[in-house]
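Here's the structure we're looking at; comments come further down.
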Amino acid sequence: SQQKIFKAGDTNQDGQLDFEEFMQYLKDHEKKMKLAFKSLDKNNDGKIEASEVVQSLKILGISISEKQAEKILQSIDADGTMTVDWNEWRDHFMFNPATDIEEIIRYWKHSTVLDIGDSLTVPDEFTEEEKKTGQWWKQLLAGGVAGAVSRTGTAPLDRLKVMMQVHGSKSNKMNIASGFKQMLKEGGVRSLWRGNGVNVVKIAPETAIKFWAYEQYKKILTKDDGKLGTVERFVSGSLAGATAQTSIYPMEVLKTRLAVGKTGQYSGMFDCAKKILKREGVKAFYKGYIPNILGIIPYAGIDLAVYELLKSTWLEHYASSSANPGVFVLLGCGTVSSTCGQLASYPLALIRTRMQAQASVEGAPQLNMVGLFQRIIATEGIRGLYRGIAPNFMKVLPAVSISYVVYEKMKQNLGIA
């Protein structure tokens with residue numbers, strides 16, 4: 001364990017643990033331990049009893065008996081009182097670097113429950129317990145239904161975003177009001193939901209593939225000690241996102257084509273697929289694929305970095321009595337981090353949508369990714385790369401709220417704690 005402390009403490013990695021590094025290590029470590037101790041000491045009497053250990057582990061989805069809890073305490077309990085006070089706790093963990101104190105902060109798993117319409121790149125993490133009891137598929141199902149309802153609820157804003165990405169230009173000053181007017185005039189109220197069918201259908205295969213791929217990539221990247229660091233998590237998450245996107249990409253193209261389609265152009269999703277296949281061949285179903293995959297990296301990286309930053313800020317300043325931030329803090333952090341990720345990858349998303357749609361715009365030149373970038377910058381400036389971002393951000397709050405409410409209701413119905 002000394003080597004573990006040494007590695008955890010040697011922050012500048014010069015192979016020497018100087019006094020300052022050691023003090024910093026103790027300080028960081030003590031903060032985490034204090035939090036862990038407080039979150040275990042349920043009745044705040046300054047001691048941890050066996051029943052409190054049982055209770056805390058239950059919250060994390062792990063059931064143990066009083067006997068097992070007593071065993072855990074015995075290993076920490078120095079004075080034989082069968083309870084553990086702060087000094088015993090500190091002495092025990094000070095020299096057993098408890099990186100798994102993070103485990104106690106499991107509440108912070110970056111959840112995919114929040115469906116903001118653009119798929120989040122970090123799939124759900126499930127504990128061994130959840131996998132054994134089959135809780136995981138219930139959570140995925142609840143998340144899927146929540147996503148379907150929230151996408152349907154915010155579909156008009158989503159379609160408006162696509163219209164603005166494809167048709168917005170200096171000459172066509174489409175804003176939110178005029179965009180809605182145009183869509184209503186062209187196809188009536190029902191047309192506001194054009195393309196939503198595919199958008200909902202693709203949730204299931206995408207979630208399933210992403211979840212499966214994430215588990216596989218994690219196995220490949222796990223370190224020797226079975227721990228998964230933030231970097232490994234980011235890499236497996238991004239690769240899983242890319243794998244899922246690759247397999248369902250033709251559906252993305254269909255969604256865009258239907259959303260920019262005129263009334264009567266396609267009778268539905270299959271009709272649209274048939275017409276594209278006949279007119280443009282299989283290649284059309286992978287138009288815009290490169291900017292789409294490239295967009296995953298800034299999105300995932302910034303999403304994760306901002307989330308970690310908000311998390312550590314919260315733990316440092318506001319976690320007074322327990323490490324559990326509560327639902328609104330989590331929703332807030334998830335929404336902010338995801339929104340930052342979207343901001344960063346938005347130009348790539350815009351280029352992707354343009355490329356998906358451009359073949360259906362008669363007589364338009366078929367440009368590749370770089371060509372489109374250059375043309376947009378030349379004709380419209382940087383602002384052209386952010387067309388449609390207003391309706392995109394307008395849908396974030398309603399999407400998150402609907403998603404969360406439906407998820408909670410689904411969880412009650414499926415009996416997930």
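Identifiers for the structure tokens are assigned positionally: chains receive A, B, ... in sequence, residues are indexed from 1 per chain, and ligands are indexed from 1 in the order shown.
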Residues near Pro156 in chain A, cut-off 8 Å, only C-alpha atoms, skip fewer than 4 positions along chain, as a CSV table (one decimal) with N, CA, C and O atoms, in the first residue's frame:
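Once everything was written out, this is around17.csv:
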chain,number,residue,atom,x,y,z
A,160,LEU,N,-37.4,22.9,-36.4
A,160,LEU,CA,-37.0,24.2,-36.8
A,160,LEU,C,-35.5,24.4,-36.8
A,160,LEU,O,-35.0,25.0,-37.7
A,192,LEU,N,-45.1,19.9,-38.0
A,192,LEU,CA,-44.1,20.3,-37.0
A,192,LEU,C,-43.4,19.1,-36.4
A,192,LEU,O,-42.3,19.1,-35.9
A,193,TRP,N,-44.1,17.9,-36.6
A,193,TRP,CA,-43.5,16.7,-36.0
A,193,TRP,C,-42.9,15.8,-37.1
A,193,TRP,O,-42.5,14.7,-36.9
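Taking CA of Gln74 in chain A and CA of Lys32 in chain A as endpoints, the distance between them is 21.6 Å.
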Please identify all polymer residues within 12 Å of Leu157 in chain A, counting only C-alpha atoms, omitting same-chain residues fewer than 3 positions from it, and present them as a ChimeraX atom specification.
/A:116-117,150-154,160-164,175-177,179-180,183,191-196,259,388-399
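When only C-alpha atoms are used to compute distances to Asn368 in chain A, the closest of the residues A:Leu277, A:Val282, A:Leu35, A:Met355 turns out to be A:Met355.
For the residues A:Gly415, A:Gly187, A:Pro291, A:Gly168, ranking by smallest atom-to-atom distance to Ala242 in chain A using only C-alpha atoms places A:Pro291 first.
Nearest to Phe270 in chain A of all the residues A:Ala305, A:Val198, A:Ile376, A:Leu294 is A:Val198, based on only C-alpha atoms.
We find CA of Glu130 in chain A and CA of Phe211 in chain A to be spaced 13.9 Å apart.
The residue that comes closest to Ala359 in chain A, out of A:Lys67, A:Lys218, A:Arg159, A:Lys283 and on the basis of only C-alpha atoms, is A:Lys283.
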Pick from A:Leu385, A:Gly264, A:Leu309, A:Leu331: nearest to Ala344 in chain A, with only C-alpha atoms counted?
A:Leu385
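For the pair CA of Gly147 in chain A and CA of Val405 in chain A, the interatomic distance is 10.8 Å.
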